[in-house]
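Please read the structure below before turning to the comments.
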Amino acid sequence: MKRLAALLLVFGAIACANAQFSSLSCVATAVTALVRAEGITERLGDIVLTCAGGAPNGAVTTNLTLFFPVNVTNRLGAGDTLNASLTIDTGSGPVPAAPPTLATPSSLAFNGLRFTLSPAGAALLRISNLRAAVSQLSPSVSGQSVQVFLGSAGPSNITINNSQFTAGMTVTGLLAGSSTAGIVCTASPLPDTITMSNLFATRTRFASLRLTEGAASAFRTRGAGEDSGTRFLVRYAGFPAGARLFVPDVVAGSSAVAPTAGGDLGLPASGGRYAPDASGSLLLARVFNADVNGAGGTPTYMPGSPGSGTVSFDAASEVPLAGGAGLVVYEVVDANANIQESAQFPAFLGLGPTSGGPLIVATASVSFAPVSTVITASASAPVPRFAATAPPSDCTALGDCRAGYFPRLVVEATPPLEYTAVAGAGHQIRYVRVNNEAGGLMVWRVTVAYQTGSGWLRVDPTEGINSATVRVDALPEKLSPGIYRATLTIDAGPLAGSRTLPATLEVTPATPVVPTPAIESVTNAATFRAGPLVAGSLATVMGARLAGASVVVTFDGAPARLLYTSERQINLQVPPELGTKTVAQVIVTVNGIASTPYPVTLAPIAPGIFGVLNQDGTLNNATNPAPVGTILQIFATGLPSAQGAAITAKVHDRIITTPHYAGPAPGLSGVQQVNAAIPPDLPAMRSEVLVCAAVTSQQPVCSPPATIFLSR
């Protein structure tokens with residue numbers, strides 16, 4: 001930014017020095033190109049300067065410099081020249097100018113530019129083939145604009161209107177999906193002759209991978225000045241010794257006559273059929289002899305000319321595996337730029353009988369290719385090239401997230417994983433049922449995270465396929481009296497999902513004791529996070545033996561208003577009379593027996609958000625987003641009630657300094673309501689909201705963010 005500011009000052013000084021000459025006025029516009037957020041060499045839209053008001057047939061001498069928010073990544077030639085182009089049309093057609101040079105990693109310059117204006121004192125300049133490392137903005141975020149600044153300096157006085165403009169808008173280019181979280185490595189036969197039809201007939205085990213455009217034209221054939229079409233690098237890993245892997249040589253996409261498919265993602269099993277036509281349809285060809293980054297090599301197939309007839313595909317070939325890992329590269333050799341397309345293909349596993357042992361699940365990962373870390377202009381790095389970015393799921397774009405061919409995890413634990421035992425007692429048993437309630441192949445694993453103690457749970461089995469019953473034993477025999485907590489996570493991958501189950505073991509002394517209430521934590525009731533509480537706000541006490549015929553909670557002797565009580569949890573309102581105290585001792589008294597005092601800190605402000613409603617009073621969530629421009633109803637606790645408190649909200653990256661309403665939530669003691677308008681220029685997206693407050697001149701204190709969903 002300092003470099004840009006300095007250059008702008010230079011431009012301004014030169015413009016002032018040339019003020020005595022007649023001024024040529026140019027209006028700059030740009031085509032906003034759709035660029036892939038993962039791309040390093042994305043081509044931006046053309047920039048056009050429409051110039052008028054100069055001297056008839058006047059001579060113009062100037063330097064044009066373009067500044068980008070990311071690095072310029074055009075092909076670099078001799079003398080730091082770039083393969084971007086500038087043409088000048090003064091009435092006789094466009095004439096190319098000398099190529100630009102790389103001024104800084106993020107700017108280029110057309111220096112010594114000379115041309116003669118038309119008899120009307122006009123000219124039309126067009127700058128084309130600008131490439132930029134868009135991935136520097138964020139390779140996983142759509143909707144970011146590529147702002148370009150254009151400056152002029154030189155003997156001729158040129159005024160550029162609209163000197164800053166948007167030349168590109170990012171979109172996540174690659175989405176992906178699979179019917180399973182991995183390839184289960186169990187015995188799988190191979191046919192004598194490897195073809196797609198023979199592999200299907202032999203029932204060779206396979207798993208399909210689906211690749212989908214984030215937007216139409218994200219998958220592209222090879223363009224002028226490029227080394228290849230869009231490529232995909234698929235990496236396989238985790239295969240056991242003796243495994244063999246086969247993939248199709250050509251993949252017909254969703255717009256082909258008959259798409260290639262394994263039959264596990266909603267389409268019938270097929271090697272694929274394709275007919276070239278003028279509109280194009282998605283076709284991927286395997287690239288042999290590509291390097292480990294997906295560059296180089298040659299596609300195995302190139303389509304014929306439009307009208308040359310329908311071609312059927314049946315060929316498959318082996319993916320070389322070394323140490324259980326291998327890779328395959330595909331290139332787009334045909335596509336329809338006007339529709340969003342996808343392609344899917346199976347990977348077939350050949351493996352002899354195994355002798356048991358732990359479950360082996362191989363993995364597949366995909367990204368755009370060639371992948372590269374070269375984010376500057378280069379004479380040799382491939383064009384196009386991409387950041388190594390894992391794609392998000394494509395099921396939302398294709399509308400099949402709930403399709404029956406995807407696995408879906410359901411976990412049942414009845415009764416809950418709550419154990420009580422006397423110190424030294426034997427193990428206790430509970431069961432958890434793991435189910436795949438949909439289709440596909442669901443591979444799951446169980447892990448245990450201990451919050452208290454370790455090793456006191458025994459899980460069997462710890463992994464499996466589809467449905468099974470998991471036995472969970474608590475082992476109290478070597479534990480001292482106390483409460484032990486852990487969390488079981490059953491993870492079936494990003495597609496089927498994961499579930500967590502709390503587990504609690506209460507070990508009591510061998511000799512009877514009077515049950516004394518125990519406080520484990522006192523937190524903000526909205527966030528369940530440790531931290532300061534606010535007088536009059538809502539809080540949650542967690543612990544043990546908290547229920548009884550008589551339950552009282554005091555803060556420094558002041559009784560709290562209780563909203564809910566149970567054996568392990570109490571919800572309450574912090575006594576408002578604590579006022580400006582900064583610390584208090586909390587005591588829970590059950591049936592006349594008091595707990596050990598538990599210290600808490602107090603503060604004037606410590607907000608937390610319970611939830612967010614849309615303007616119509618419905619819950620804001622992924623399936624019920626709030627339209628931009630409407631009101632969000634934010635329910636919180638821990639905001640100050642004192643006069644002069646400034647309460648604000650932040651929606652996405654916008655600070656709402658004047659909410660429509662900020663005060664007590666009607667009918668809800670200890671709860672505040674903040675109504676804030678969503679800025680109407682925000683895009684549809686998943687974002688966050690938080691509330692903040694400040695008293696007098698102090699710095700604002702903000703709540704943890706709460707997730708919101710916006711629509712247009």
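So you can find residues: chains in the structure tokens are A, B, ... in the order shown, residues in each start at 1, and ligands are numbered from 1 in order.
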
Near Val184 (chain A), counting only C-alpha atoms, which residues have an atom at most 7 Å away, once you skip same-chain residues fewer than 2 positions from it, shown as a ChimeraX atom specification?
-> /A:182,186,360-362

Requested write-out: N, CA, C and O atoms of the selected residues, as a compact mmCIF listing (two decimals), in the first residue's frame:
```txt
# COMPACT_ATOMS: atom_id res chain seq x y z
N GLY A 182 -14.08 -43.54 1.46
CA GLY A 182 -12.83 -44.16 1.05
C GLY A 182 -13.10 -45.45 0.30
O GLY A 182 -14.25 -45.81 0.04
N THR A 186 -10.92 -54.83 0.74
CA THR A 186 -11.17 -56.24 0.97
C THR A 186 -11.08 -56.96 -0.37
O THR A 186 -10.93 -56.32 -1.42
N ILE A 360 -8.80 -51.82 6.42
CA ILE A 360 -7.97 -50.90 5.64
C ILE A 360 -8.87 -50.14 4.68
O ILE A 360 -9.58 -50.75 3.88
N VAL A 361 -8.86 -48.82 4.78
CA VAL A 361 -9.66 -47.98 3.90
C VAL A 361 -8.71 -47.00 3.21
O VAL A 361 -8.11 -46.14 3.86
N ALA A 362 -8.57 -47.16 1.90
CA ALA A 362 -7.74 -46.24 1.13
C ALA A 362 -8.51 -44.95 0.87
O ALA A 362 -9.74 -44.92 0.93
```

Find the spatial neighbours of Thr516 (chain A), counting only C-alpha atoms, within a cut-off of 9 Å - ignore same-chain residues fewer than 6 positions away - and output them as a PyMOL selection string.
-> chain A and resi 544-546+589-590+593-596

Quick one: everything within 10 Å of Leu682 (chain A), counting only C-alpha atoms, minus sequence neighbours fewer than 6 positions away in the same chain. Send it as a list in words.
->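 Residues meeting the cut-off are Pro627, Val628, Gly629, Val651, His652, Asp653, Arg654, Leu710, Ser711 and Arg712 of chain A.
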
Selection to disk with C-alpha atoms, as a short mmCIF file (atom, residue, chain, number, x, y, z; two decimals), in the first residue's frame:
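out.cif was written with the following content:
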```cif
data_model
loop_
_atom_site.label_atom_id
_atom_site.label_comp_id
_atom_site.auth_asym_id
_atom_site.auth_seq_id
_atom_site.Cartn_x
_atom_site.Cartn_y
_atom_site.Cartn_z
CA PRO A 627 -33.06 -12.12 3.08
CA VAL A 628 -30.56 -9.26 2.97
CA GLY A 629 -32.14 -5.94 3.90
CA VAL A 651 -23.31 -8.54 10.62
CA HIS A 652 -20.60 -10.23 8.51
CA ASP A 653 -18.01 -7.43 8.29
CA ARG A 654 -20.48 -4.53 8.79
CA LEU A 710 -28.21 -14.94 4.30
CA SER A 711 -30.09 -15.05 1.01
CA ARG A 712 -30.82 -12.62 -1.78
#
```

Can you check which residues of region 91-319 of chain A DSSP gives as alpha helix (DSSP H) on the backbone and send them as a VMD selection string?
-> chain A and resid 196 to 201

Using only C-alpha atoms, determine which residues lie at most 12 Å from region 528-531 of chain A, disregarding the query and same-chain residues fewer than 4 positions distant; provide the list as a list of chain:residue names.
-> A:Glu520, A:Ser521, A:Val522, A:Thr523, A:Asn524, A:Leu538, A:Ala539, A:Thr540, A:Val541, A:Met542, A:Gln569, A:Asn571, A:Thr582, A:Val583, A:Pro599, A:Val600, A:Thr601, A:Leu602, A:Ala603, A:Ile605, A:Ala606, A:Pro607, A:Gly608, A:Ile609, A:Phe610, A:Thr637, A:Gly638, A:Ser703, A:Pro704

Keeping only C-alpha atoms, write the selected residues to a file as a tab-separated table (two decimals), in the first residue's frame.
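Below you can see part02.tsv, which holds the result:
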```tsv
chain	number	residue	atom	x	y	z
A	520	GLU	CA	-17.63	-27.90	38.31
A	521	SER	CA	-18.19	-24.70	36.34
A	522	VAL	CA	-20.21	-21.48	36.26
A	523	THR	CA	-20.57	-20.08	32.74
A	524	ASN	CA	-22.49	-17.66	30.57
A	538	LEU	CA	-28.23	-15.57	32.85
A	539	ALA	CA	-25.67	-18.17	33.91
A	540	THR	CA	-25.37	-21.96	34.03
A	541	VAL	CA	-23.92	-23.99	36.92
A	542	MET	CA	-22.63	-27.44	36.01
A	569	GLN	CA	-27.18	-28.43	35.81
A	571	ASN	CA	-29.80	-22.31	35.06
A	582	THR	CA	-15.67	-7.77	40.29
A	583	VAL	CA	-15.63	-11.16	42.05
A	599	PRO	CA	-15.14	-18.15	42.72
A	600	VAL	CA	-16.45	-16.27	39.65
A	601	THR	CA	-15.39	-12.99	38.13
A	602	LEU	CA	-17.90	-10.25	37.37
A	603	ALA	CA	-17.82	-7.56	34.72
A	605	ILE	CA	-20.26	-6.42	30.01
A	606	ALA	CA	-19.84	-10.05	28.88
A	607	PRO	CA	-22.32	-10.75	26.09
A	608	GLY	CA	-23.25	-14.14	24.65
A	609	ILE	CA	-25.81	-14.96	21.94
A	610	PHE	CA	-28.54	-17.58	22.53
A	637	THR	CA	-27.44	-12.10	27.72
A	638	GLY	CA	-24.64	-10.20	29.43
A	703	SER	CA	-19.88	-11.72	22.15
A	704	PRO	CA	-18.50	-14.84	20.48
```

Would you mind telling me which residue in A:Thr508, A:Asn338, A:Ser254, A:Gln344 lies nearest to Glu477 (chain A) when using only C-alpha atoms?
->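 The shortest atom-to-atom distance to Glu477 (chain A) comes from A:Thr508.
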
Please identify which residues in region 531-604 of chain A DSSP calls strand (DSSP E) from the backbone, and express them as a PyMOL selection string.
-> chain A and resi 538-544+551-555+558-559+561-565+569-573+583-590+593-594+598-601

With a distance cut-off of 10 Å and only C-alpha atoms, select the neighbouring residues of Ala103 (chain A), excluding the residue or stretch itself and same-chain residues fewer than 3 positions from it, and output the selection as a list of chain:residue names.
->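 These residues fall inside the cut-off: A:Thr65, A:Leu66, A:Phe67, A:Val72, A:Asp80, A:Thr81, A:Pro100, A:Ser106, A:Ser107, A:Leu108, A:Ala109, A:Phe110, A:Asn111.
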
Hey, can you spit out that residue selection with N, CA and C atoms as an mmCIF file, in the first residue's frame?
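Printed below is part-v6.cif as written:
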```
data_model
loop_
_atom_site.group_PDB
_atom_site.id
_atom_site.type_symbol
_atom_site.label_atom_id
_atom_site.label_comp_id
_atom_site.auth_asym_id
_atom_site.auth_seq_id
_atom_site.Cartn_x
_atom_site.Cartn_y
_atom_site.Cartn_z
ATOM 1 N N THR A 65 0.187 2.270 -16.226
ATOM 2 C CA THR A 65 0.549 1.264 -15.221
ATOM 3 C C THR A 65 -0.714 0.720 -14.581
ATOM 4 N N LEU A 66 -0.774 -0.598 -14.447
ATOM 5 C CA LEU A 66 -1.904 -1.271 -13.820
ATOM 6 C C LEU A 66 -1.435 -1.889 -12.508
ATOM 7 N N PHE A 67 -2.206 -1.659 -11.448
ATOM 8 C CA PHE A 67 -1.895 -2.176 -10.122
ATOM 9 C C PHE A 67 -2.974 -3.185 -9.722
ATOM 10 N N VAL A 72 0.808 -10.408 -10.493
ATOM 11 C CA VAL A 72 0.614 -10.632 -11.924
ATOM 12 C C VAL A 72 1.301 -11.950 -12.288
ATOM 13 N N ASP A 80 11.868 -8.879 -18.917
ATOM 14 C CA ASP A 80 10.718 -8.786 -18.008
ATOM 15 C C ASP A 80 9.435 -8.381 -18.720
ATOM 16 N N THR A 81 9.346 -8.695 -20.029
ATOM 17 C CA THR A 81 8.102 -8.427 -20.747
ATOM 18 C C THR A 81 7.081 -9.506 -20.429
ATOM 19 N N PRO A 100 3.807 -5.156 -22.301
ATOM 20 C CA PRO A 100 4.141 -4.493 -21.044
ATOM 21 C C PRO A 100 5.321 -5.179 -20.363
ATOM 22 N N SER A 106 3.148 -7.145 -8.422
ATOM 23 C CA SER A 106 1.708 -6.966 -8.557
ATOM 24 C C SER A 106 1.331 -5.786 -9.454
ATOM 25 N N SER A 107 2.214 -5.377 -10.358
ATOM 26 C CA SER A 107 1.875 -4.300 -11.293
ATOM 27 C C SER A 107 2.648 -4.495 -12.594
ATOM 28 N N LEU A 108 2.041 -3.997 -13.675
ATOM 29 C CA LEU A 108 2.707 -4.032 -14.972
ATOM 30 C C LEU A 108 2.570 -2.670 -15.618
ATOM 31 N N ALA A 109 3.471 -2.365 -16.569
ATOM 32 C CA ALA A 109 3.507 -1.030 -17.164
ATOM 33 C C ALA A 109 3.699 -1.116 -18.671
ATOM 34 N N PHE A 110 2.937 -0.291 -19.388
ATOM 35 C CA PHE A 110 3.166 -0.045 -20.815
ATOM 36 C C PHE A 110 3.918 1.279 -20.893
ATOM 37 N N ASN A 111 5.236 1.189 -20.936
ATOM 38 C CA ASN A 111 6.069 2.388 -20.913
ATOM 39 C C ASN A 111 6.369 2.867 -22.327
#
```

Looking at A:Leu282, A:Val588, A:Ala379, A:Leu34, which one is nearest to Gly77 (chain A), with distances taken over only C-alpha atoms?
-> A:Ala379

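Omitting region 217-232 of chain A and its sequence neighbours fewer than 2 positions away, and counting only C-alpha atoms, the residues within 8 Å are Val35, Arg36, Gly173, Leu174, Glu213, Gly214, Ala215, Val234, Gly294, Val329, Tyr330, Glu331, Val332, Val333, Asp334, Ala335, Asn336, Ala337, Asn338, Ile339, Gln340, Val366, Ser367, Phe368, Ala369, Pro370, Pro382, Val383 and Pro384 of chain A.
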
Mind checking which residues fall within 9 Å of region 256-272 of chain A, counting only C-alpha atoms, ignoring those fewer than 4 positions away in the same chain, and posting them as a ChimeraX atom specification?
-> /A:178-179,195-197,200,206-210,248,250-252,276,280-283,310-315,343-347,403-406,439-440

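The space between CA of Cys51 (chain A) and CA of Val27 (chain A) spans 6.3 Å.
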
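In this model, the gap between CA of Val328 (chain A) and CA of Ala496 (chain A) comes to 25.8 Å.
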
So what do you get for CA of Val459 (chain A) versus CA of Ala187 (chain A), distance-wise?
-> 26.6 Å

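Shortest atom-to-atom contact with Ile194 (chain A) among A:Leu563, A:Leu245, A:Leu175, A:Val148: A:Leu245, counting only C-alpha atoms.
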
Taking into account only C-alpha atoms, which residue in the set A:Ser152, A:Ser92, A:Asn57, A:Thr396 is nearest to Pro119 (chain A)?
-> A:Asn57
